[in-house]
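Participant: Below is the file upload.txt, with compact mmCIF, C-alpha atoms.
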```txt
# COMPACT_ATOMS: atom_id res chain seq x y z
CA MET A 1 4.49 -9.57 32.63
CA SER A 2 3.31 -6.28 34.09
CA GLY A 3 0.68 -4.11 32.46
CA TYR A 4 3.37 -1.54 31.68
CA SER A 5 5.59 -4.05 29.88
CA GLU A 6 2.57 -5.47 28.05
CA ASN A 7 1.80 -1.97 26.80
CA LEU A 8 5.37 -1.56 25.55
CA THR A 9 5.13 -4.94 23.83
CA SER A 10 1.91 -3.90 22.08
CA GLN A 11 3.51 -0.64 20.97
CA ARG A 12 6.49 -2.50 19.56
CA ILE A 13 4.31 -4.98 17.65
CA GLU A 14 2.16 -2.14 16.31
CA LEU A 15 5.25 -0.32 15.05
CA LEU A 16 6.53 -3.46 13.33
CA LEU A 17 3.14 -4.06 11.72
CA GLN A 18 3.05 -0.48 10.43
CA GLN A 19 6.43 -0.95 8.76
CA LEU A 20 5.95 -4.55 7.62
CA VAL A 21 4.57 -3.76 4.16
CA PRO A 22 7.34 -1.34 3.11
CA ALA A 23 9.85 -3.70 4.73
CA LEU A 24 8.67 -6.57 2.52
CA VAL A 25 8.16 -4.54 -0.64
CA TYR A 26 11.12 -2.15 -0.46
CA GLY A 27 13.42 -3.58 2.22
CA SER A 28 13.12 -0.39 4.27
CA GLY A 29 10.77 1.34 6.66
CA THR A 30 9.38 3.58 3.91
CA PRO A 31 8.81 3.32 0.14
CA VAL A 32 11.93 5.47 -0.40
CA ALA A 33 14.96 3.17 -0.70
CA ASN A 34 17.67 3.74 1.92
CA GLU A 35 15.79 6.68 3.49
CA PHE A 36 14.69 4.65 6.50
CA PRO A 37 16.52 1.30 6.68
CA LEU A 38 15.27 -1.48 8.92
CA LYS A 39 16.77 -0.99 12.36
CA VAL A 40 17.31 -2.67 15.68
CA ARG A 41 15.05 -0.81 18.07
CA LEU A 42 15.68 -0.35 21.77
CA GLN A 43 15.60 -3.78 23.40
CA LEU A 44 14.30 -3.69 26.96
CA CYS A 45 15.57 -5.98 29.70
CA TRP A 46 12.94 -6.10 32.44
CA CYS A 47 14.34 -6.47 35.96
CA SER A 48 12.36 -7.89 38.86
CA VAL A 49 12.97 -4.87 41.09
CA ALA A 50 10.43 -2.10 40.46
CA HIS A 51 10.10 -3.30 36.84
CA THR A 52 12.93 -1.03 35.71
CA ALA A 53 14.18 -1.19 32.12
CA GLU A 54 17.76 -1.35 30.96
CA GLN A 55 19.03 -0.86 27.41
CA SER A 56 20.68 -4.05 26.15
CA LEU A 57 21.11 -3.08 22.48
CA ASP A 58 21.78 0.29 20.87
CA GLU A 59 18.66 2.03 19.64
CA ASP A 60 18.38 2.79 15.92
CA THR A 61 21.22 0.49 14.88
CA VAL A 62 20.90 -0.40 11.19
CA LEU A 63 20.37 -4.13 10.82
CA PRO A 64 23.18 -5.86 8.85
CA HIS A 65 21.92 -7.62 5.72
CA ASN A 66 22.73 -8.58 2.12
CA ASP A 67 19.36 -7.44 0.78
CA THR A 68 18.95 -5.45 -2.45
CA ASN A 69 16.83 -2.43 -3.45
CA THR A 70 14.51 -4.65 -5.47
CA VAL A 71 10.83 -3.68 -5.32
CA PHE A 72 8.51 -6.69 -5.00
CA TYR A 73 4.81 -7.08 -5.63
CA PHE A 74 2.61 -7.64 -2.60
CA SER A 75 -1.16 -7.80 -2.14
CA SER A 76 -2.93 -8.66 1.08
CA PRO A 77 -6.47 -8.35 2.47
CA THR A 78 -4.88 -8.07 5.93
CA PHE A 79 -3.27 -4.78 4.91
CA ASN A 80 -6.12 -3.70 2.61
CA LEU A 81 -3.97 -4.17 -0.50
CA PRO A 82 -6.16 -5.63 -3.28
CA ASP A 83 -4.67 -7.73 -6.05
CA ASP A 84 -3.56 -5.60 -9.02
CA PRO A 85 -2.71 -7.77 -12.06
CA ALA A 86 -1.19 -4.83 -13.94
CA ASP A 87 1.14 -3.97 -11.06
CA ARG A 88 2.02 -7.64 -10.56
CA HIS A 89 2.93 -7.81 -14.27
CA THR A 90 5.05 -4.65 -14.07
CA LYS A 91 6.96 -5.78 -10.98
CA LEU A 92 7.72 -9.23 -12.42
CA THR A 93 8.79 -7.73 -15.75
CA THR A 94 11.21 -5.40 -13.97
CA LEU A 95 12.61 -8.33 -11.99
CA ARG A 96 13.00 -10.46 -15.12
CA GLN A 97 14.74 -7.71 -17.08
CA ALA A 98 17.22 -7.11 -14.25
CA ILE A 99 18.48 -10.72 -14.38
CA ARG A 100 21.49 -11.39 -16.60
CA LEU A 101 21.88 -15.12 -17.17
CA PRO A 102 25.13 -16.40 -18.70
CA GLN A 103 23.09 -18.62 -21.04
CA ARG A 104 21.07 -16.95 -23.77
CA ARG A 105 17.56 -18.13 -24.35
CA GLN A 106 17.18 -20.69 -27.15
CA THR A 107 20.64 -22.06 -26.35
CA LEU A 108 18.96 -24.27 -23.73
CA ALA A 109 15.71 -26.14 -23.51
CA ASP A 110 13.27 -23.35 -22.68
CA ALA A 111 12.00 -24.99 -19.48
CA GLU A 112 15.60 -25.21 -18.24
CA TRP A 113 16.26 -21.56 -19.09
CA VAL A 114 13.10 -20.41 -17.29
CA ASP A 115 14.09 -22.54 -14.29
CA LEU A 116 17.43 -20.71 -14.11
CA LEU A 117 15.67 -17.35 -14.39
CA SER A 118 13.20 -18.27 -11.65
CA MET A 119 16.02 -19.49 -9.41
CA GLN A 120 17.77 -16.12 -9.64
CA ILE A 121 14.58 -14.22 -8.82
CA ARG A 122 13.79 -16.52 -5.89
CA SER A 123 17.29 -15.94 -4.55
CA ILE A 124 16.70 -12.17 -4.51
CA LEU A 125 13.37 -12.64 -2.73
CA GLU A 126 14.97 -14.98 -0.17
CA LYS A 127 17.41 -12.21 0.77
CA ARG A 128 14.47 -9.84 1.38
CA VAL A 129 12.60 -12.44 3.43
CA GLN A 130 15.69 -13.14 5.54
CA HIS A 131 16.25 -9.41 6.07
CA VAL A 132 12.69 -8.81 7.27
CA SER A 133 12.59 -12.00 9.33
CA ASP A 134 15.82 -11.04 11.13
CA TRP A 135 14.39 -7.57 11.74
CA VAL A 136 11.24 -9.00 13.31
CA THR A 137 13.18 -11.57 15.34
CA ILE A 138 15.66 -9.17 16.91
CA ASN A 139 13.00 -6.57 17.66
CA THR A 140 10.76 -9.09 19.42
CA ALA A 141 13.50 -11.10 21.15
CA ARG A 142 12.38 -10.11 24.67
CA PHE A 143 8.80 -11.26 24.08
CA SER A 144 9.13 -13.90 21.36
CA SER A 145 6.50 -16.20 22.93
CA ASN A 146 3.96 -13.41 23.45
CA SER A 147 0.65 -14.01 21.66
CA GLU A 148 0.95 -10.75 19.71
CA THR A 149 4.43 -11.70 18.55
CA LEU A 150 3.21 -15.10 17.41
CA LYS A 151 0.38 -13.39 15.52
CA LEU A 152 2.91 -11.08 13.85
CA ARG A 153 4.92 -14.12 12.81
CA ARG A 154 1.85 -15.74 11.26
CA ILE A 155 1.13 -12.54 9.33
CA LEU A 156 4.72 -12.47 8.11
CA ASP A 157 4.61 -16.14 7.03
CA SER A 158 1.40 -15.52 5.10
CA ALA A 159 2.91 -12.44 3.45
CA VAL A 160 5.96 -14.42 2.33
CA VAL A 161 3.73 -17.03 0.66
CA ASN A 162 1.91 -14.20 -1.12
CA MET A 163 5.18 -12.70 -2.37
CA GLN A 164 6.48 -16.07 -3.53
CA ALA A 165 3.34 -16.49 -5.64
CA GLY A 166 3.93 -13.04 -7.13
CA ILE A 167 7.25 -14.05 -8.73
CA GLU A 168 5.98 -17.21 -10.41
CA PHE A 169 5.84 -17.28 -14.21
CA CYS A 170 2.82 -18.64 -16.09
CA ARG A 171 4.94 -21.15 -18.11
CA ALA A 172 2.15 -22.04 -20.53
CA GLN A 173 3.12 -22.18 -24.20
CA CYS A 174 3.32 -18.79 -25.90
CA ALA A 175 0.40 -17.97 -28.21
CA GLU A 176 2.83 -17.16 -31.07
CA CYS A 177 5.60 -19.75 -30.71
CA GLU A 178 6.72 -22.75 -28.66
CA LEU A 179 8.55 -20.85 -25.92
CA LEU A 180 7.11 -20.53 -22.42
CA CYS A 181 4.98 -17.64 -21.22
CA LEU A 182 6.84 -15.24 -18.90
CA LEU A 183 3.80 -13.33 -17.71
CA PRO A 184 2.73 -13.80 -14.08
CA ARG A 185 0.44 -16.65 -13.16
CA ARG A 186 -3.26 -15.82 -13.49
CA HIS A 187 -2.52 -13.10 -16.05
CA GLU A 188 -5.31 -11.68 -18.17
CA LYS A 189 -3.58 -11.42 -21.56
CA ALA A 190 -2.67 -14.02 -24.18
CA HIS A 191 0.35 -16.15 -23.27
CA GLU A 192 3.52 -14.23 -24.12
CA CYS A 193 7.15 -15.41 -24.20
CA THR A 194 8.38 -11.76 -24.42
CA THR A 195 10.60 -12.52 -27.45
CA SER A 196 10.23 -11.76 -31.17
CA HIS A 197 8.81 -15.30 -31.57
CA ARG A 198 11.53 -16.02 -34.14
CA CYS A 199 14.49 -18.40 -34.02
CA ARG A 200 17.63 -16.37 -33.28
CA PHE A 201 19.93 -18.65 -35.32
CA ARG A 202 20.83 -18.65 -38.99
CA CYS A 203 19.04 -21.10 -41.26
CA GLU A 204 21.09 -24.27 -41.69
CA ILE A 205 19.48 -25.16 -45.03
CA LEU A 206 21.22 -23.49 -47.98
CA ASP A 207 18.90 -24.79 -50.70
CA GLY A 208 17.03 -21.92 -52.25
CA HIS A 209 19.43 -19.15 -51.21
CA ASP A 210 23.15 -18.53 -51.73
CA GLU A 211 24.13 -17.67 -48.18
CA GLN A 212 22.78 -18.23 -44.72
CA GLU A 213 19.73 -16.20 -43.90
CA PRO A 214 18.02 -15.62 -40.53
CA CYS A 215 15.92 -18.66 -39.74
CA GLY A 216 12.70 -16.78 -39.16
CA LEU A 217 10.77 -19.80 -37.95
CA PRO A 218 8.88 -19.71 -34.63
```
Would it be possible to restate this file's structure as structure tokens?

Facilitator:
Amino acid sequence: MSGYSENLTSQRIELLLQQLVPALVYGSGTPVANEFPLKVRLQLCWCSVAHTAEQSLDEDTVLPHNDTNTVFYFSSPTFNLPDDPADRHTKLTTLRQAIRLPQRRQTLADAEWVDLLSMQIRSILEKRVQHVSDWVTINTARFSSNSETLKLRRILDSAVVNMQAGIEFCRAQCAECELLCLLPRRHEKAHECTTSHRCRFRCEILDGHDEQEPCGLP
């Protein structure tokens, strides 16, 4: 590869690295949703004669995807983003509240219900990961075996592991009842199930009162 093409490769990798964090967190090239979607950049086909370049894909084509506008938590020493437990909590809470499961909590064993909730959240994250991975792949197709490209891939893989950890629930027993804690792992507060800590059903024992009352037990 000529020095000129190596320079173009470095520029491309640098651009992808600059946009990698917003791509992972917001699914776009900037923190503003839909303002700067991830795009297919100009792909260069290097010919042997005089090292001329030909355009093989349209520049600035929006990459097809089934991603969402979900905002994910991400921390990374590589990008000078320290861990922020409060932000991690906020992001996971927003994710949890956006999920609408057909089964209401306490109608299933709580571990099963939390598994279903986690599955839905992981599915949303998988769409983001696929979106960003496709974006990196198509924009490095001409130099996929280049050392800088391989380094970019390792950075991306590490970032994905970080994001997967950020959507995991604590799952310890709530401090007030027997339901599972829905705070992030490694949280700083007491274990919290995020409910009222009361049974949502009517009491099935009629002794002592004339009609069914709210259960009220943890």

Participant: I'd like the interatomic distance between atom CA of A:Ala86 and atom CA of A:Pro37, to a tenth of an Å.

Facilitator: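 It comes out at 27.9 Å.
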
Participant: I need the residue nearest A:Ala172 from this list: A:Asp83, A:Glu6, A:Glu14, A:Glu192. Use all atoms listed in the file for the distance.

Facilitator: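 Closest residue, counting all atoms listed in the file: A:Glu192.
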
Participant: Compare A:Thr194, A:Ser118, A:Thr94, A:Gln11 by their minimum atom-to-atom distance to A:Leu179, counting all atoms listed in the file, and give me the closest one.

Facilitator: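 Nearest candidate to A:Leu179 out of A:Thr194, A:Ser118, A:Thr94, A:Gln11: A:Thr194.
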
Participant: May I ask for the distance between atom CA of A:Phe72 and atom CA of A:Lys91, given in Å to one decimal place?

Facilitator: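 Computing the Euclidean distance for atom CA of A:Phe72 and atom CA of A:Lys91 yields 6.2 Å.
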
Participant: So the first atom is atom CA of A:Thr140 and the second is atom CA of A:Ser28; what is the distance between them in Å, to one decimal place?

Facilitator: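 These atoms are spaced 17.6 Å apart.
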
Participant: Smallest atom-to-atom distance to A:Val129: which of A:Leu15, A:Leu24, A:Val40, A:Leu150, using only C-alpha atoms?

Facilitator: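 The closest residue to A:Val129 is A:Leu24.
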
Participant: Which neighbours of A:Asp67 fall inside 12 Å, counting only C-alpha atoms, when residues of the same chain fewer than 4 positions from it are skipped, and could you give them as a PyMOL selection string?

Facilitator: chain A and resi 23-28+33-34+37-38+63+71+123-134

Participant: Extending 8 Å beyond the listed atoms of stretch 191-198 of chain A on each side, what axis-aligned box results? I want centre and edge lengths in Å to one decimal, as AutoDock Vina command-line options.

Facilitator:
```
--center_x 5.9 --center_y -14.0 --center_z -28.7 --size_x 27.2 --size_y 20.4 --size_z 26.9
```

Participant: Here is a test: counting only C-alpha atoms, which residue of A:Val114, A:Ala159, A:Leu92, A:Ile138 is nearest to A:Pro64?

Facilitator: A:Ile138
